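Comments concern the structure below.
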Amino acid sequence: MASTFNKRHRLLARWTLVSAAVFAVVCGWAYVTRDQGEDTVLPGQQVEGLISVLESAEAEATSAIRFRDVTADSGIDFHHFPAKRASLLPEDMGSGVAFGDYDNDGLTDLFLVNFASSLVDPLPSDAKASCRLYRNLGGMRFEDVTDQSGLGWIAYGMGASWGDYDNDGDLDLYVTAHGDNALFENAGDGTFRDVTDKSGIQDARFSAGCSWADFDRDGDLDLYVCNYVEFTFKESDRGVVKRQYDTEQPYTLNPSSYKPLGNSLFVNQGDGSFAESGSMAGIADPSGRSLSAAWVDFDNDGWLDLYVANDVSNNGVFLNRRDGTFEDVGPSSLAADYRGAMGIAAVDFDNDLDQDLLITHWIAQENALYRNMHFDAKVGASQGRGPWFMDAADECGLGQISLDMVGWATGFADFDNDGRRDLWLINGSTLEDVSDHSQLVAQRPFLFGNRGNDHFEDVASSSCPTMGESFVGRGGAQADLDGDGLIDLLFVVRGAEPVLLHNVTPNDGHWLRIRLRQRGSNSSCIGARALLSAGGVVRMAAVGVSPSYLSQSEMILHFGLGQVDSIDSLLIVWPDGVEEEIQPPTVDQLINLEHDGRYPLQLVDQDNRQSGGHQLSGQGGAQAIPVRRIGVERTSNYFKAGY
């Protein structure tokens, strides 16, 4: 711990040169280097026999992953924050993008959130400043349907998330903002209506990320809304500086200047209304400056737990008690660091059948890769304690390389279908350009190719010229937008146009994509899991657990299989707890599985499990698929690998 502490603070001292007076620089450097012996390794110093992760990143290896920037020809005409920047914190934090098939045509559409103007100006009436909805036409082409849809919302917009809260089979949309948030109900005919007041789901504070989930397993989606800081602007605050970690930042740009806000948990009442229960449930997290939240089943007991990424405050780790309340297990989890946390990616990156977490951070703090240590499915034994994590970022090549960056949106995806999940990550500074204070410092994104053995290598520049450029990134999400079995990307650039990247990787690896649906409740199956066994490897993926930053990726599960051309077994864990093995489908297709949800939930033992019915459709059209029930051997309420 001591060496990590010094490393972060030494780099913070370096960044102090940008934002502090010479006196502060000297003092800061004196602090981090005091009492250092002659054997102390300073930043940039070469050490014989030591491989520098930073150095290896600069000499990128070639990669099979290829993207093509298709923004100009996509039909997406959008400009984020069409205003002059006034150096106020909310203006620099957004915004996001949400992928979802709102019209149920099988193609993933996209919603872009806009921060319509500077806070010192009134909200404009110009439609170009509004949030925008784009319908997917196929072939990486999109149609702007904002005006006819009713989603041309003009606000100081931050994040968005799709979720079928009324269980009518189509996706509704929640959008957060600095100020009033909004819930839009999908009418099923391509239009939406604002039902915020009617539903009781309003939060008029400075909100950031939002995440849907059926945390209480009653069949209805509930919503968690992150609230950031109690931002109020006074002209007298201009010119004032305030310390943020070991740097001095303008008061109006520093989250430490403002008190944190508690978060909201809106519990679905089943009649179109919600009841705010954050404090009652124990997850309001009032001391956290919250930006993102992920509903993830950490301990594999079938109940979704909650991770909250907080800026300049401890992160929140909350264990679901199964009675509508949560236990704060942050200290014992070892994943509640006090850093500047922004984005979250949740995935089983090491294929041990539990969910791990990638958290993006501010300058000099390293991004964290929390390896879930609670349950090792490969040996089928609990570790004998609550959920806990170990930061494996450095050992996996994801730590030191991020020291100079401010990380935001992120996600895991197998871009080349080689059977290993790769990682993308968007960067963009919060520091002003010293030569032009109306601009923020641009930074290049990361694309980490998974080399196996839990080792990642940055291959961004070799994948696409655009990925080698720098911009002020914020939100971002992933989806297979053209149905070719390759995952595409969209990045939101603060104060500019978004970047749409079409995955054109030579695709010689096999794959399977699974769309899960549930009749009568939780129609998108948020929280459901698939366990796929192929080629001697069991892979797991969960629906809707990875929120990125202010954004939402598609809810279709994607498995890259490499050269393995057949699937041994496919097990689905439905949101109601039913576990079913499906007859293995053929590879290289999207399949649709539908389940009859069994609510109200009845907890049954292993010998009393019942099978739900399914319809599966794929490239060959709809067909009835026999469901083979198996006796799943359980250890610590979850599966052994090799079932």
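Identifiers in the structure tokens: chain A, B, ... in order shown; residue index from 1 per chain; ligand index from 1 in order shown.
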Exercise. Which polymer residues have any atom within 6 Å of an atom of stretch 170-182 of chain A, counting only C-alpha atoms, with same-chain residues fewer than 3 positions away left out, as a ChimeraX atom specification?
Worked result: /A:102,156-164,185-186,196,202-207
Problem set entry | Shortest interatomic distance to A:Val97 - which of A:Leu369, A:Val493, A:Val145, A:Met467, counting only C-alpha atoms |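 Going through A:Leu369, A:Val493, A:Val145, A:Met467 one by one, the smallest distance to A:Val97 is for A:Val493.
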Exercise. Using only C-alpha atoms, which residue out of A:Leu593, A:Leu291, A:Ala155, A:Ile572 lies closest to A:Ser524?
Worked result: A:Leu593
Exercise. Using only C-alpha atoms, which residues sit within 12 Å of A:Asp484 once same-chain residues fewer than 2 positions away are excluded, as a list in words?
Worked result: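 Result of the neighbour search: Leu107, Gly138, Gly139, Met140, Phe415, Asp416, Asn417, Ala479, Asp480, Leu481, Asp482, Leu486, Ile487, Asp488, His502, Asn503, Val504, Thr505, Pro506, Asn507, His510, Trp511, Leu512, Arg513, His558, Asp588, Gln589 and Leu590 of chain A.
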Given the selection you just returned, output its residues as a file containing N, CA and C atoms, formatted as a PDB file, in the first residue's frame.
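selection_1.pdb was written with the following content:
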ATOM      1  N   LEU A 107     -33.372  -4.095 -34.098  1.00  0.00           N
ATOM      2  CA  LEU A 107     -32.190  -3.266 -34.290  1.00  0.00           C
ATOM      3  C   LEU A 107     -32.035  -2.320 -33.106  1.00  0.00           C
ATOM      4  N   GLY A 138     -30.319   0.019 -39.946  1.00  0.00           N
ATOM      5  CA  GLY A 138     -29.478  -1.063 -40.432  1.00  0.00           C
ATOM      6  C   GLY A 138     -28.301  -0.518 -41.228  1.00  0.00           C
ATOM      7  N   GLY A 139     -27.263  -1.322 -41.352  1.00  0.00           N
ATOM      8  CA  GLY A 139     -26.111  -0.913 -42.142  1.00  0.00           C
ATOM      9  C   GLY A 139     -25.382   0.283 -41.595  1.00  0.00           C
ATOM     10  N   MET A 140     -25.418   0.483 -40.263  1.00  0.00           N
ATOM     11  CA  MET A 140     -24.765   1.620 -39.589  1.00  0.00           C
ATOM     12  C   MET A 140     -25.343   2.959 -40.032  1.00  0.00           C
ATOM     13  N   PHE A 415     -14.069  -7.957 -28.946  1.00  0.00           N
ATOM     14  CA  PHE A 415     -14.171  -7.274 -30.231  1.00  0.00           C
ATOM     15  C   PHE A 415     -13.740  -8.148 -31.407  1.00  0.00           C
ATOM     16  N   ASP A 416     -12.822  -9.078 -31.183  1.00  0.00           N
ATOM     17  CA  ASP A 416     -12.350  -9.921 -32.280  1.00  0.00           C
ATOM     18  C   ASP A 416     -12.841 -11.360 -32.167  1.00  0.00           C
ATOM     19  N   ASN A 417     -13.765 -11.612 -31.254  1.00  0.00           N
ATOM     20  CA  ASN A 417     -14.376 -12.934 -31.089  1.00  0.00           C
ATOM     21  C   ASN A 417     -13.338 -14.048 -30.949  1.00  0.00           C
ATOM     22  N   ALA A 479     -22.523  -1.844 -28.672  1.00  0.00           N
ATOM     23  CA  ALA A 479     -23.642  -2.616 -29.212  1.00  0.00           C
ATOM     24  C   ALA A 479     -23.243  -3.138 -30.585  1.00  0.00           C
ATOM     25  N   ASP A 480     -23.821  -4.269 -30.972  1.00  0.00           N
ATOM     26  CA  ASP A 480     -23.690  -4.743 -32.352  1.00  0.00           C
ATOM     27  C   ASP A 480     -24.796  -4.066 -33.150  1.00  0.00           C
ATOM     28  N   LEU A 481     -24.462  -2.951 -33.773  1.00  0.00           N
ATOM     29  CA  LEU A 481     -25.472  -2.101 -34.385  1.00  0.00           C
ATOM     30  C   LEU A 481     -25.943  -2.600 -35.746  1.00  0.00           C
ATOM     31  N   ASP A 482     -25.140  -3.426 -36.423  1.00  0.00           N
ATOM     32  CA  ASP A 482     -25.522  -3.890 -37.753  1.00  0.00           C
ATOM     33  C   ASP A 482     -25.733  -5.398 -37.813  1.00  0.00           C
ATOM     34  N   LEU A 486     -20.179  -8.486 -34.523  1.00  0.00           N
ATOM     35  CA  LEU A 486     -19.044  -7.707 -34.040  1.00  0.00           C
ATOM     36  C   LEU A 486     -19.555  -6.496 -33.277  1.00  0.00           C
ATOM     37  N   ILE A 487     -18.945  -6.196 -32.135  1.00  0.00           N
ATOM     38  CA  ILE A 487     -19.410  -5.134 -31.253  1.00  0.00           C
ATOM     39  C   ILE A 487     -18.858  -3.789 -31.711  1.00  0.00           C
ATOM     40  N   ASP A 488     -19.764  -2.825 -31.905  1.00  0.00           N
ATOM     41  CA  ASP A 488     -19.419  -1.463 -32.310  1.00  0.00           C
ATOM     42  C   ASP A 488     -19.415  -0.548 -31.086  1.00  0.00           C
ATOM     43  N   HIS A 502     -17.431   1.655 -36.305  1.00  0.00           N
ATOM     44  CA  HIS A 502     -17.934   0.383 -36.820  1.00  0.00           C
ATOM     45  C   HIS A 502     -16.832  -0.663 -36.713  1.00  0.00           C
ATOM     46  N   ASN A 503     -17.118  -1.762 -36.069  1.00  0.00           N
ATOM     47  CA  ASN A 503     -16.155  -2.838 -35.916  1.00  0.00           C
ATOM     48  C   ASN A 503     -16.032  -3.586 -37.247  1.00  0.00           C
ATOM     49  N   VAL A 504     -14.863  -3.511 -37.861  1.00  0.00           N
ATOM     50  CA  VAL A 504     -14.612  -4.179 -39.140  1.00  0.00           C
ATOM     51  C   VAL A 504     -13.491  -5.214 -38.994  1.00  0.00           C
ATOM     52  N   THR A 505     -13.318  -5.730 -37.804  1.00  0.00           N
ATOM     53  CA  THR A 505     -12.302  -6.744 -37.550  1.00  0.00           C
ATOM     54  C   THR A 505     -12.542  -7.964 -38.434  1.00  0.00           C
ATOM     55  N   PRO A 506     -11.499  -8.463 -39.119  1.00  0.00           N
ATOM     56  CA  PRO A 506     -11.663  -9.724 -39.857  1.00  0.00           C
ATOM     57  C   PRO A 506     -12.174 -10.807 -38.906  1.00  0.00           C
ATOM     58  N   ASN A 507     -13.361 -11.300 -39.166  1.00  0.00           N
ATOM     59  CA  ASN A 507     -14.064 -12.117 -38.171  1.00  0.00           C
ATOM     60  C   ASN A 507     -13.942 -13.600 -38.490  1.00  0.00           C
ATOM     61  N   HIS A 510     -15.690 -17.608 -33.935  1.00  0.00           N
ATOM     62  CA  HIS A 510     -17.120 -17.896 -33.805  1.00  0.00           C
ATOM     63  C   HIS A 510     -17.705 -17.112 -32.634  1.00  0.00           C
ATOM     64  N   TRP A 511     -19.035 -17.036 -32.585  1.00  0.00           N
ATOM     65  CA  TRP A 511     -19.699 -16.226 -31.575  1.00  0.00           C
ATOM     66  C   TRP A 511     -21.137 -16.690 -31.408  1.00  0.00           C
ATOM     67  N   LEU A 512     -21.731 -16.249 -30.319  1.00  0.00           N
ATOM     68  CA  LEU A 512     -23.162 -16.458 -30.088  1.00  0.00           C
ATOM     69  C   LEU A 512     -23.688 -15.247 -29.346  1.00  0.00           C
ATOM     70  N   ARG A 513     -24.836 -14.758 -29.789  1.00  0.00           N
ATOM     71  CA  ARG A 513     -25.505 -13.632 -29.128  1.00  0.00           C
ATOM     72  C   ARG A 513     -26.871 -14.113 -28.649  1.00  0.00           C
ATOM     73  N   HIS A 558     -23.321 -11.221 -25.438  1.00  0.00           N
ATOM     74  CA  HIS A 558     -22.441 -11.581 -26.546  1.00  0.00           C
ATOM     75  C   HIS A 558     -21.311 -12.471 -26.035  1.00  0.00           C
ATOM     76  N   ASP A 588     -22.535 -18.572 -34.304  1.00  0.00           N
ATOM     77  CA  ASP A 588     -22.593 -17.504 -35.305  1.00  0.00           C
ATOM     78  C   ASP A 588     -24.018 -17.061 -35.610  1.00  0.00           C
ATOM     79  N   GLN A 589     -24.796 -16.838 -34.559  1.00  0.00           N
ATOM     80  CA  GLN A 589     -26.150 -16.324 -34.739  1.00  0.00           C
ATOM     81  C   GLN A 589     -26.619 -15.642 -33.465  1.00  0.00           C
ATOM     82  N   LEU A 590     -27.666 -14.863 -33.619  1.00  0.00           N
ATOM     83  CA  LEU A 590     -28.399 -14.276 -32.499  1.00  0.00           C
ATOM     84  C   LEU A 590     -29.604 -15.147 -32.224  1.00  0.00           C
TER      85      LEU A 590
END
Problem set entry | Minimum-distance residue to A:Leu133, chosen among A:Asp565, A:Glu276, A:Gln148, A:Glu395 (using only C-alpha atoms) |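 That would be A:Gln148, the residue with the smallest distance to A:Leu133.
If you measure from each of A:Leu570, A:Tyr370, A:Asp220, A:Ala409 to A:Ala392 using only C-alpha atoms, the closest one turns out to be A:Tyr370.
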Exercise. What does the distance from atom CA of A:Ala477 to atom CA of A:Asp101 come to in Å, to one decimal?
Worked result: 14.1 Å
Exercise. If we count only C-alpha atoms, what is near stretch 296-299 of chain A at a cut-off of 7 Å, once residues fewer than 2 positions away on the same chain are taken out, given as an MDAnalysis selection string?
Worked result: chainID A and resid 294 301:306 354:355 374:375 387 545
Problem set entry | Spatial neighbours of A:Trp362, max dist 9 Å, only C-alpha atoms, sep filter under 6 positions, as a ChimeraX atom specification | /A:311,339-342,402-408,429-430
For this session: Would you mind listing what lies within 8 Å of A:Tyr224 as a list of chain:residue names, with only C-alpha atoms counted and same-chain residues fewer than 5 positions away left out?
Result: A:Cys210, A:Ser211, A:Trp212, A:Asn263, A:Ser264, A:Leu265, A:Phe266, A:Ala293
For this session: Check the DSSP output for the backbone and give back, as a PyMOL selection string, the residues of stretch 210-340 of chain A in strand (DSSP E or B).
Result: chain A and resi 210-213+222-227+229+241-244+247-250+260+264-268+274-276+289-296+305-311+313-314+316-320+326-328+338-339
Contacts of stretch 537-541 of chain A at 8 Å (only C-alpha atoms; same-chain gap of 2+ positions) as a short mmCIF file (atom, residue, chain, number, x, y, z; two decimals) with N, CA, C and O atoms, in the first residue's frame:
data_model
loop_
_atom_site.label_atom_id
_atom_site.label_comp_id
_atom_site.auth_asym_id
_atom_site.auth_seq_id
_atom_site.Cartn_x
_atom_site.Cartn_y
_atom_site.Cartn_z
N VAL A 347 -18.09 -7.31 -15.20
CA VAL A 347 -17.98 -8.46 -16.08
C VAL A 347 -17.17 -9.54 -15.36
O VAL A 347 -16.38 -9.24 -14.46
N ASP A 348 -17.36 -10.78 -15.77
CA ASP A 348 -16.52 -11.87 -15.28
C ASP A 348 -15.32 -11.98 -16.21
O ASP A 348 -15.26 -12.85 -17.08
N ASN A 351 -13.27 -15.41 -16.04
CA ASN A 351 -14.00 -16.66 -16.27
C ASN A 351 -13.99 -17.60 -15.06
O ASN A 351 -13.84 -18.82 -15.20
N ASP A 352 -14.17 -17.02 -13.86
CA ASP A 352 -14.31 -17.88 -12.68
C ASP A 352 -15.75 -17.85 -12.15
O ASP A 352 -16.02 -18.28 -11.05
N LEU A 353 -16.66 -17.33 -12.97
CA LEU A 353 -18.10 -17.36 -12.72
C LEU A 353 -18.55 -16.47 -11.56
O LEU A 353 -19.52 -16.78 -10.87
N ASP A 354 -17.84 -15.36 -11.34
CA ASP A 354 -18.38 -14.30 -10.50
C ASP A 354 -18.01 -12.96 -11.14
O ASP A 354 -17.13 -12.87 -11.99
N ARG A 529 -28.75 -14.24 -16.07
CA ARG A 529 -27.40 -14.67 -16.42
C ARG A 529 -27.43 -15.85 -17.37
O ARG A 529 -28.34 -16.68 -17.32
N ALA A 530 -26.42 -15.91 -18.23
CA ALA A 530 -26.22 -17.06 -19.09
C ALA A 530 -24.83 -17.63 -18.82
O ALA A 530 -23.86 -16.88 -18.70
N LEU A 531 -24.76 -18.95 -18.68
CA LEU A 531 -23.49 -19.65 -18.52
C LEU A 531 -23.31 -20.57 -19.71
O LEU A 531 -24.10 -21.50 -19.91
N LEU A 532 -22.30 -20.30 -20.50
CA LEU A 532 -22.07 -21.01 -21.75
C LEU A 532 -20.78 -21.82 -21.65
O LEU A 532 -19.72 -21.26 -21.34
N SER A 533 -20.89 -23.11 -21.91
CA SER A 533 -19.71 -23.99 -21.88
C SER A 533 -19.35 -24.38 -23.31
O SER A 533 -20.19 -24.90 -24.06
N ALA A 534 -18.10 -24.09 -23.70
CA ALA A 534 -17.62 -24.42 -25.04
C ALA A 534 -16.11 -24.55 -25.01
O ALA A 534 -15.43 -23.71 -24.43
N GLY A 535 -15.59 -25.61 -25.62
CA GLY A 535 -14.16 -25.78 -25.71
C GLY A 535 -13.46 -25.91 -24.38
O GLY A 535 -12.30 -25.51 -24.24
N VAL A 543 -27.26 -9.72 -17.83
CA VAL A 543 -27.98 -8.70 -18.58
C VAL A 543 -28.02 -7.39 -17.79
O VAL A 543 -28.49 -7.36 -16.65
N LEU A 557 -26.65 -10.38 -24.74
CA LEU A 557 -25.43 -11.02 -24.27
C LEU A 557 -24.62 -11.52 -25.47
O LEU A 557 -25.16 -12.15 -26.38
N HIS A 558 -23.32 -11.22 -25.44
CA HIS A 558 -22.44 -11.58 -26.55
C HIS A 558 -21.31 -12.47 -26.04
O HIS A 558 -20.63 -12.13 -25.07
N PHE A 559 -21.12 -13.61 -26.69
CA PHE A 559 -20.03 -14.52 -26.36
C PHE A 559 -19.15 -14.73 -27.58
O PHE A 559 -19.62 -15.23 -28.61
N ALA A 641 -18.29 -24.86 -11.58
CA ALA A 641 -17.85 -24.90 -12.97
C ALA A 641 -17.83 -26.35 -13.43
O ALA A 641 -17.55 -27.27 -12.65
N GLY A 642 -18.10 -26.54 -14.70
CA GLY A 642 -18.08 -27.89 -15.22
C GLY A 642 -19.38 -28.63 -14.96
O GLY A 642 -19.39 -29.85 -14.86
#
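Counting from atom CA of A:Pro547, the distance to atom CA of A:Ala98 is 9.6 Å.
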For this session: Find, counting only C-alpha atoms, the residue in A:Pro584, A:Ser463, A:Leu431, A:Thr325 that gets nearest to A:Phe446.
Result: A:Ser463
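Proximity ranking of A:Leu89, A:Ile401, A:Val195, A:Val113 relative to A:Phe448 places A:Ile401 first, based on only C-alpha atoms.
Every residue of stretch 436-637 of chain A with a DSSP assignment of helix (DSSP H, G or I), taken from the backbone, is listed as Ala460, Ser461, Ser462, Ser463, Pro465, Thr466, Met467, Gly468, Gln606, Asp607 and Asn608 of chain A.
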